[in-house]
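Next comes my_file01.pdb, with PDB, C-alpha atoms.
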```
MODEL        1
ATOM      1  CA  MET A   1      64.633 -31.258  37.397
ATOM      2  CA  VAL A   2      63.220 -34.718  36.706
ATOM      3  CA  LYS A   3      65.441 -35.093  33.634
ATOM      4  CA  ARG A   4      68.491 -34.181  35.708
ATOM      5  CA  LYS A   5      67.659 -36.820  38.321
ATOM      6  CA  LEU A   6      67.173 -39.468  35.652
ATOM      7  CA  ALA A   7      70.440 -38.477  33.929
ATOM      8  CA  ALA A   8      72.304 -38.900  37.197
ATOM      9  CA  HIS A   9      71.364 -42.606  37.169
ATOM     10  CA  ASP A  10      71.682 -43.454  33.486
ATOM     11  CA  ASN A  11      75.085 -45.197  33.812
ATOM     12  CA  LEU A  12      76.056 -43.927  30.336
ATOM     13  CA  LYS A  13      78.977 -45.605  28.599
ATOM     14  CA  ILE A  14      80.517 -44.168  25.433
ATOM     15  CA  ILE A  15      82.813 -45.845  22.905
ATOM     16  CA  ILE A  16      84.321 -43.578  20.233
ATOM     17  CA  ALA A  17      86.185 -44.949  17.228
ATOM     18  CA  GLN A  18      87.848 -42.801  14.576
ATOM     19  CA  GLU A  19      89.003 -43.673  11.086
ATOM     20  CA  GLY A  20      90.255 -40.562   9.308
ATOM     21  CA  ASP A  21      87.412 -38.009   9.260
ATOM     22  CA  LYS A  22      84.774 -40.638  10.108
ATOM     23  CA  PHE A  23      83.625 -41.356  13.644
ATOM     24  CA  ASN A  24      81.519 -44.117  15.163
ATOM     25  CA  VAL A  25      80.051 -43.411  18.604
ATOM     26  CA  LYS A  26      78.259 -46.076  20.628
ATOM     27  CA  GLU A  27      76.273 -44.853  23.622
ATOM     28  CA  SER A  28      74.724 -47.324  26.037
ATOM     29  CA  SER A  29      72.811 -46.526  29.202
ATOM     30  CA  ASN A  30      69.963 -47.774  31.360
ATOM     31  CA  PHE A  31      67.551 -45.873  29.077
ATOM     32  CA  ARG A  32      68.766 -46.436  25.517
ATOM     33  CA  ASN A  33      71.470 -47.843  23.278
ATOM     34  CA  ILE A  34      72.376 -46.030  20.075
ATOM     35  CA  GLU A  35      75.105 -45.966  17.480
ATOM     36  CA  ILE A  36      75.950 -42.739  15.665
ATOM     37  CA  GLU A  37      78.154 -42.421  12.612
ATOM     38  CA  PHE A  38      79.296 -39.046  11.338
ATOM     39  CA  THR A  39      81.958 -37.394   9.222
ATOM     40  CA  LEU A  40      83.706 -34.250  10.431
ATOM     41  CA  GLY A  41      82.136 -31.114   8.991
ATOM     42  CA  VAL A  42      79.081 -32.922   7.586
ATOM     43  CA  THR A  43      75.666 -32.018   8.990
ATOM     44  CA  PHE A  44      73.590 -34.895  10.378
ATOM     45  CA  GLU A  45      70.445 -35.449  12.465
ATOM     46  CA  TYR A  46      70.554 -36.607  16.081
ATOM     47  CA  ALA A  47      68.124 -37.008  18.980
ATOM     48  CA  LEU A  48      69.049 -36.557  22.639
ATOM     49  CA  ALA A  49      67.985 -39.134  25.228
ATOM     50  CA  ASP A  50      64.959 -36.959  26.100
ATOM     51  CA  GLY A  51      63.812 -36.980  22.455
ATOM     52  CA  THR A  52      65.011 -33.460  21.574
ATOM     53  CA  GLU A  53      65.899 -33.474  17.871
ATOM     54  CA  LEU A  54      69.043 -31.697  16.675
ATOM     55  CA  SER A  55      70.806 -30.993  13.412
ATOM     56  CA  GLY A  56      74.471 -30.083  13.246
ATOM     57  CA  ALA A  57      78.043 -31.173  12.714
ATOM     58  CA  TRP A  58      81.225 -32.027  14.572
ATOM     59  CA  THR A  59      84.647 -30.521  13.831
ATOM     60  CA  LEU A  60      88.069 -31.315  15.225
ATOM     61  CA  GLU A  61      89.977 -28.349  16.639
ATOM     62  CA  GLY A  62      93.351 -29.667  17.753
ATOM     63  CA  ASP A  63      92.522 -32.389  20.294
ATOM     64  CA  VAL A  64      88.991 -31.089  20.884
ATOM     65  CA  LEU A  65      85.957 -32.581  19.155
ATOM     66  CA  LYS A  66      83.474 -29.692  18.870
ATOM     67  CA  GLY A  67      79.818 -30.010  17.915
ATOM     68  CA  ILE A  68      77.493 -27.172  17.015
ATOM     69  CA  PHE A  69      73.872 -28.274  16.833
ATOM     70  CA  LYS A  70      70.567 -26.491  16.324
ATOM     71  CA  ARG A  71      67.452 -27.690  18.107
ATOM     72  CA  LYS A  72      64.652 -28.440  15.666
ATOM     73  CA  ASP A  73      61.889 -27.445  18.102
ATOM     74  CA  ASN A  74      63.069 -23.898  18.856
ATOM     75  CA  GLY A  75      66.040 -23.176  16.552
ATOM     76  CA  LYS A  76      68.428 -22.498  19.461
ATOM     77  CA  ASP A  77      72.066 -23.581  19.369
ATOM     78  CA  LEU A  78      73.619 -26.261  21.570
ATOM     79  CA  THR A  79      77.421 -26.391  21.587
ATOM     80  CA  THR A  80      79.294 -29.387  22.932
ATOM     81  CA  THR A  81      82.933 -30.416  23.184
ATOM     82  CA  ARG A  82      84.663 -33.698  23.921
ATOM     83  CA  ILE A  83      88.302 -34.005  24.895
ATOM     84  CA  VAL A  84      90.355 -36.896  26.226
ATOM     85  CA  GLN A  85      92.671 -35.988  29.101
ATOM     86  CA  GLY A  86      94.569 -38.908  30.569
ATOM     87  CA  ASP A  87      92.011 -41.613  31.373
ATOM     88  CA  GLU A  88      89.035 -39.248  31.209
ATOM     89  CA  LEU A  89      86.671 -38.079  28.488
ATOM     90  CA  ILE A  90      85.437 -34.602  29.398
ATOM     91  CA  GLN A  91      82.198 -33.634  27.684
ATOM     92  CA  SER A  92      80.987 -30.045  28.020
ATOM     93  CA  TYR A  93      77.734 -28.450  26.875
ATOM     94  CA  THR A  94      76.597 -24.844  26.466
ATOM     95  CA  TYR A  95      72.932 -24.019  25.929
ATOM     96  CA  GLU A  96      71.249 -20.655  26.470
ATOM     97  CA  GLY A  97      74.181 -19.390  28.534
ATOM     98  CA  VAL A  98      74.219 -22.433  30.836
ATOM     99  CA  ASP A  99      77.339 -24.599  30.930
ATOM    100  CA  ALA A 100      77.408 -28.245  32.000
ATOM    101  CA  LYS A 101      80.204 -30.779  32.178
ATOM    102  CA  ARG A 102      80.255 -34.551  32.404
ATOM    103  CA  ILE A 103      83.369 -36.628  33.021
ATOM    104  CA  PHE A 104      83.671 -40.231  31.917
ATOM    105  CA  LYS A 105      86.385 -42.546  33.309
ATOM    106  CA  ARG A 106      88.098 -45.102  31.074
ATOM    107  CA  SER A 107      87.097 -48.601  32.082
TER
ENDMDL
END
```

Do you think you could lay out the structure here as structure tokens?
Amino acid sequence: MVKRKLAAHDNLKIIIAQEGDKFNVKESSNFRNIEIEFTLGVTFEYALADGTELSGAWTLEGDVLKGIFKRKDNGKDLTTTRIVQGDELIQSYTYEGVDAKRIFKRS
């Protein structure tokens, strides 16, 4: 519950740039600033804002960027998608049967 309350006030901003199969994602918030580079289909390591370490890869299915990641601490899968619709980036997560969605507005 504490993590949810903190996340509600993180003021996260995301910038995504694509060049072919390579992506550069810049995330900035009140809690951290990171830059992630990845290539579609290539496994890489990543840590969530709460420190949870993941390993996985992104793929592009039509207009949907889909990530399948495995938590290093318990081996469970986290699936996430990102899609741009109009002036919004819709990011969805599925973990242990729980779905969550976050919507970002273009600034």

TODO: Can you turn the PyMOL selection byres ((chain A and resi 42) around 9) into a concrete residue list for this file, as a PyMOL selection string?
DONE: chain A and resi 38-41+43-44+56-59

For the residues selected in the previous step, produce a file with C-alpha atoms as a short mmCIF file (atom, residue, chain, number, x, y, z; two decimals), keeping the file's coordinate frame.
```
data_model
loop_
_atom_site.label_atom_id
_atom_site.label_comp_id
_atom_site.auth_asym_id
_atom_site.auth_seq_id
_atom_site.Cartn_x
_atom_site.Cartn_y
_atom_site.Cartn_z
CA PHE A 38 79.30 -39.05 11.34
CA THR A 39 81.96 -37.39 9.22
CA LEU A 40 83.71 -34.25 10.43
CA GLY A 41 82.14 -31.11 8.99
CA THR A 43 75.67 -32.02 8.99
CA PHE A 44 73.59 -34.90 10.38
CA GLY A 56 74.47 -30.08 13.25
CA ALA A 57 78.04 -31.17 12.71
CA TRP A 58 81.22 -32.03 14.57
CA THR A 59 84.65 -30.52 13.83
#
```

- [ ] Compile the contact shell of Lys70 (chain A) as a PyMOL selection string: residues with an atom at most 12 Å away, counting only C-alpha atoms, same-chain residues fewer than 6 positions apart removed.
- [x] chain A and resi 43-48+52-57+76-80+94-96

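Excluding region 98-104 of chain A itself and same-chain residues fewer than 5 positions from it, the residues having an atom within 6 Å of it are Glu88, Leu89, Ile90, Gln91, Ser92 and Tyr93 of chain A, counting all atoms listed in the file.
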
For the residues selected in the previous step, produce a file with C-alpha atoms as a JSON list (two decimals), in the frame of the given file.
```json
[["chain", "number", "residue", "atom", "x", "y", "z"],
["A", 88, "GLU", "CA", 89.04, -39.25, 31.21],
["A", 89, "LEU", "CA", 86.67, -38.08, 28.49],
["A", 90, "ILE", "CA", 85.44, -34.60, 29.40],
["A", 91, "GLN", "CA", 82.20, -33.63, 27.68],
["A", 92, "SER", "CA", 80.99, -30.04, 28.02],
["A", 93, "TYR", "CA", 77.73, -28.45, 26.88]]
```

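Listed by chain and then by number, the residues chosen by the PyMOL selection byres ((chain A and resi 61) around 12) in this file are Leu40, Gly41, Trp58, Thr59, Leu60, Gly62, Asp63, Val64, Leu65, Lys66, Gly67, Thr81, Arg82 and Ile83 of chain A.
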
Task: Selected residue of minimal separation from Asp73 (chain A) among A:Gly51, A:Gly97, A:Asp87, A:Glu19, counting all atoms listed in the file - done: A:Gly51

Open item on the list: Which polymer residues, whether protein, DNA or RNA, lie within 9 Å of the coordinate (65.5, -44.3, 25.2) when you count only C-alpha atoms? List them as JSON, numbers by chain, using the chain letters and numbers from the file.
Closed with: {"A": [29, 30, 31, 32, 33, 34, 48, 49, 50, 51]}

Based on the selection just made, write C-alpha atoms of those residues as a CSV table (one decimal), in the coordinates of the input.
```
chain,number,residue,atom,x,y,z
A,29,SER,CA,72.8,-46.5,29.2
A,30,ASN,CA,70.0,-47.8,31.4
A,31,PHE,CA,67.6,-45.9,29.1
A,32,ARG,CA,68.8,-46.4,25.5
A,33,ASN,CA,71.5,-47.8,23.3
A,34,ILE,CA,72.4,-46.0,20.1
A,48,LEU,CA,69.0,-36.6,22.6
A,49,ALA,CA,68.0,-39.1,25.2
A,50,ASP,CA,65.0,-37.0,26.1
A,51,GLY,CA,63.8,-37.0,22.5
```

TODO: Between CA of Arg71 (chain A) and CA of Gln85 (chain A), measure the distance and give it in Å to one decimal.
DONE: 28.7 Å

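Against the coordinates shown, the PyMOL selection byres ((chain A and resi 16) around 12) returns Lys13, Ile14, Ile15, Ala17, Gln18, Glu19, Lys22, Phe23, Asn24, Val25, Lys26, Glu27, Ser28, Glu35, Ile36, Glu37, Phe38, Leu65, Arg82, Ile83, Val84, Leu89 and Arg106 of chain A.
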